[in-house]
Amino acid sequence: MNNVQLIGRMTKDVELKYTQNGNAVATFTLAVNRPFRNHQGNQDADFIRCQVWRKPAENTAQYCKRGSQVGVTGRIQTRSFEGQDGKTVFMTEVVADNVEFLDTRNQSSQGKPQNNQNQQSNNPYQGQGVPVDVNDEDLPF
């Protein structure tokens, strides 16, 4: 099993690029606080590189900036490539299946939460059906 769940703040603005096939890919780094304090009483953080693809990548780049708090679910992936100096570089990153906008930069500056209609939904029935008006007399109890 390879599952990751993170909540942290973006360390800089999202970097959005497109592949040759036209797929969007957004890259960002999350500062995730450790659940304990060091011997000096400070809370350390881990800086975790994340990647998200396609429409969620475009939404993340549009709505999240440096300082935005997000929740990420995904998987850990490792890869290697040849660096400019000719040496092999190994990289570990989180490939996100879902990015939830917990506190975007705009919300932080305004001080009031907003609904984000562009979040990826896990509800397969969203947008289906007709609202039903139920009267108390219709209930069997």
# chains A, B, ... in the order shown; residues from 1 in each chain; ligands from 1

$ residues_around --residues "A:Arg54" --least-positions-apart "3" --cutoff "12 Å" --atoms "only C-alpha atoms" --output "CSV table (one decimal) with C-alpha atoms, in the first residue's frame"
chain,number,residue,atom,x,y,z
A,16,LEU,CA,2.2,25.0,-13.8
A,17,LYS,CA,3.6,23.5,-17.0
A,18,TYR,CA,2.1,21.5,-19.9
A,19,THR,CA,3.5,18.3,-21.4
A,21,ASN,CA,0.5,16.0,-25.1
A,22,GLY,CA,-1.1,19.1,-23.5
A,23,ASN,CA,-1.5,17.6,-20.0
A,24,ALA,CA,-1.2,20.1,-17.2
A,25,VAL,CA,1.2,19.3,-14.4
A,26,ALA,CA,1.5,21.5,-11.3
A,27,THR,CA,4.5,21.3,-8.9
A,51,GLN,CA,2.9,17.1,-8.2
A,57,ALA,CA,-3.3,20.9,-11.6
A,58,GLU,CA,-4.9,23.9,-13.3
A,59,ASN,CA,-7.3,24.5,-10.4
A,60,THR,CA,-4.4,24.3,-7.9
A,61,ALA,CA,-2.4,26.8,-9.8
A,96,ALA,CA,-1.4,13.9,-5.6
A,97,ASP,CA,-4.7,12.3,-6.5
A,98,ASN,CA,-6.6,15.1,-4.7
A,120,GLN,CA,-12.4,17.7,-7.1

$ select_by_dssp --residues "stretch 5-111 of chain A" --states "strand (DSSP E or B)" --output "number ranges by chain"
A: 5-10, 15-18, 24-37, 43-53, 69-82, 88-103

$ atom_distance --atom1 "atom CA of A:Asp13" --atom2 "atom CA of A:Phe81"
24.3 Å

$ closest_residue --among "A:Ile7, A:Val70, A:Val32, A:Val14" --to "A:Glu100" --atoms "only C-alpha atoms"
A:Val70
